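Below you'll find the structure, written out as structure tokens, and then a few comments.
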Amino acid sequence: MNLVDHKERDAKKVERMFSRIASRYDLLNHVLSLGLDIKWRKEVARETGRINCRKILDVCTGTGDMAMELCRFWKGNVSIEGIDFSHELIGIGKKKVKKANLSNRITFREGDAERLPYKDEQFDAITITFGLRNIHNRLRALKEFHRVTKPEGCFVCLEFSRPTNTFFAKTYPLYLTKLVPLVSKMLGSDPAAYQYLGNTIQDFPLPENLAGLIESAGWKDVSYKKLANGIVAIHRARK
Ligand SMILES: C[S@@+](CC[C@H](N)C(=O)[O-])C[C@H]1O[C@@H](n2cnc3c(N)ncnc32)[C@H](O)[C@@H]1O
């Protein structure tokens, strides 16, 4: 049985939910992943280094952590656009980017991943971190990413998965459904939102199935690697 009713991934509902948790979003990310989210984003940035990038699109950019990591990895020699439909999260991202003096490298745009406001073949690489599982129609979004990527460009996706280790596999659902909402409440966020996010992780396709979905959107050379005992997976593909 699906834990997340398809209607719950309705774009408007998801947008409102992320806007509600915006102010505590970064803090909870770091606390709940024990800081590993930073290491995982660095790995995504390294993956983009397989090709020569000048323009990168970070979809579902949220507060811009991935966009900033890309900027650090490419030592400022790229321009990055972050797109997200949450006005509040992007607002936080803009402030962070300004404070880090990166406003000339990173721009933000409000928009929907399923209907990207760009012409065909604009970007060398597309990244998405912890975003795909929240998107209502993932196949449509993956086709959009493909459309706006230049020929031979690349796609890198970081997303939660399911632990392979038997002990972790048993305790992980408890962590997601009990501990995550509890910690989010203790840190002043919205436990219901974090309960929902935990459920979306359990419902998300396994890496091999996600690879198939990416392929069916037109991407080639699709491969993936699991990190942190399978808690997250990085998928990569070429146009
Ligand atoms: C879990 S957050 C990830 C944020 C960031 N990429 C990170 O690594 O922390 C998911 C983000 O996806 C955005 N999102 C979900 N569906 C979207 C859509 N259809 N179009 C644009 N943004 C979307 C949400 O607003 C939210 O900022």
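Simple scheme: letters A, B, ... for chains in structure tokens order, numbers from 1 for residues in each chain, numbers from 1 for ligands in the order shown.
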#### Entry: Selection near Ile51 of chain A, 12 Å with only C-alpha atoms, sequence-local residues under 3 positions removed, as a ChimeraX atom specification
/A:45-48,54-56,74,123-126,150-156,237-239
Okay, now the selection with C-alpha atoms, as a PDB file, in the first residue's frame?
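So again_32.pdb came out as:
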ATOM      1  CA  ALA A  45      28.979  18.562  -7.391  1.00  0.00           C
ATOM      2  CA  ARG A  46      31.903  16.208  -8.114  1.00  0.00           C
ATOM      3  CA  GLU A  47      29.658  14.211 -10.465  1.00  0.00           C
ATOM      4  CA  THR A  48      29.014  17.327 -12.582  1.00  0.00           C
ATOM      5  CA  ARG A  54      29.422  26.583 -17.880  1.00  0.00           C
ATOM      6  CA  LYS A  55      25.717  26.732 -17.023  1.00  0.00           C
ATOM      7  CA  ILE A  56      24.027  24.505 -14.465  1.00  0.00           C
ATOM      8  CA  TRP A  74      33.540  24.983  -9.937  1.00  0.00           C
ATOM      9  CA  PHE A 123      22.167  23.939 -19.593  1.00  0.00           C
ATOM     10  CA  ASP A 124      25.257  21.720 -19.450  1.00  0.00           C
ATOM     11  CA  ALA A 125      24.050  19.972 -16.321  1.00  0.00           C
ATOM     12  CA  ILE A 126      20.908  19.564 -14.257  1.00  0.00           C
ATOM     13  CA  LYS A 150      22.442  20.505 -24.066  1.00  0.00           C
ATOM     14  CA  PRO A 151      23.373  17.413 -26.100  1.00  0.00           C
ATOM     15  CA  GLU A 152      25.948  15.365 -24.127  1.00  0.00           C
ATOM     16  CA  GLY A 153      24.994  17.318 -21.005  1.00  0.00           C
ATOM     17  CA  CYS A 154      24.443  15.486 -17.735  1.00  0.00           C
ATOM     18  CA  PHE A 155      21.827  14.897 -15.072  1.00  0.00           C
ATOM     19  CA  VAL A 156      22.642  14.172 -11.421  1.00  0.00           C
ATOM     20  CA  ALA A 237      22.775  10.151 -16.787  1.00  0.00           C
ATOM     21  CA  ARG A 238      23.769  11.783 -20.076  1.00  0.00           C
ATOM     22  CA  LYS A 239      21.689  13.350 -22.814  1.00  0.00           C
TER      23      LYS A 239
END
### Task
Give the residues close to ligand 1, within 8 Å, counting only C-alpha atoms and all ligand atoms; write them as a ChimeraX atom specification.
/A:11,14-15,18-19,25-26,29,37,41,58-66,83-86,89-90,110-114,128-137,141,197
Please list as a compact mmCIF listing (two decimals) with C-alpha atoms, in the first residue's frame every residue within 8 Å of Val97 of chain A, counting only C-alpha atoms and excluding residues in the same chain fewer than 6 positions away.
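File around30.txt, as written:
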# COMPACT_ATOMS: atom_id res chain seq x y z
CA GLY A 64 20.17 27.01 -2.45
CA MET A 68 26.25 27.11 -3.51
CA SER A 103 24.93 36.83 -6.31
CA ILE A 106 23.85 32.20 -8.64
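Of all the residues in segment 87-122 of chain A, the ones DSSP labels as strand (DSSP E or B) from the backbone are Ile106, Thr107, Phe108, Arg109 and Glu110 of chain A.
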Only N, CA and C atoms, please: the residues just picked out, written as a compact mmCIF listing (two decimals), in the first residue's frame.
# COMPACT_ATOMS: atom_id res chain seq x y z
N ILE A 106 25.06 33.01 -8.87
CA ILE A 106 23.85 32.20 -8.64
C ILE A 106 22.60 33.08 -8.74
N THR A 107 21.68 32.65 -9.61
CA THR A 107 20.40 33.36 -9.68
C THR A 107 19.30 32.39 -9.29
N PHE A 108 18.20 32.95 -8.81
CA PHE A 108 17.07 32.11 -8.41
C PHE A 108 15.85 32.47 -9.25
N ARG A 109 15.02 31.48 -9.47
CA ARG A 109 13.78 31.73 -10.21
C ARG A 109 12.67 30.89 -9.60
N GLU A 110 11.51 31.49 -9.47
CA GLU A 110 10.36 30.72 -8.99
C GLU A 110 9.74 30.01 -10.18
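Note that the spacing between atom CA of Arg105 of chain A and atom CA of Glu69 of chain A amounts to 11.8 Å.
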### Query
Looking at only C-alpha atoms, which of A:Lys94, A:Arg162, A:Arg20, A:Lys12 is the one that sits closest to Glu208 of chain A?
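Among the listed residues, A:Arg162 lies closest to Glu208 of chain A.
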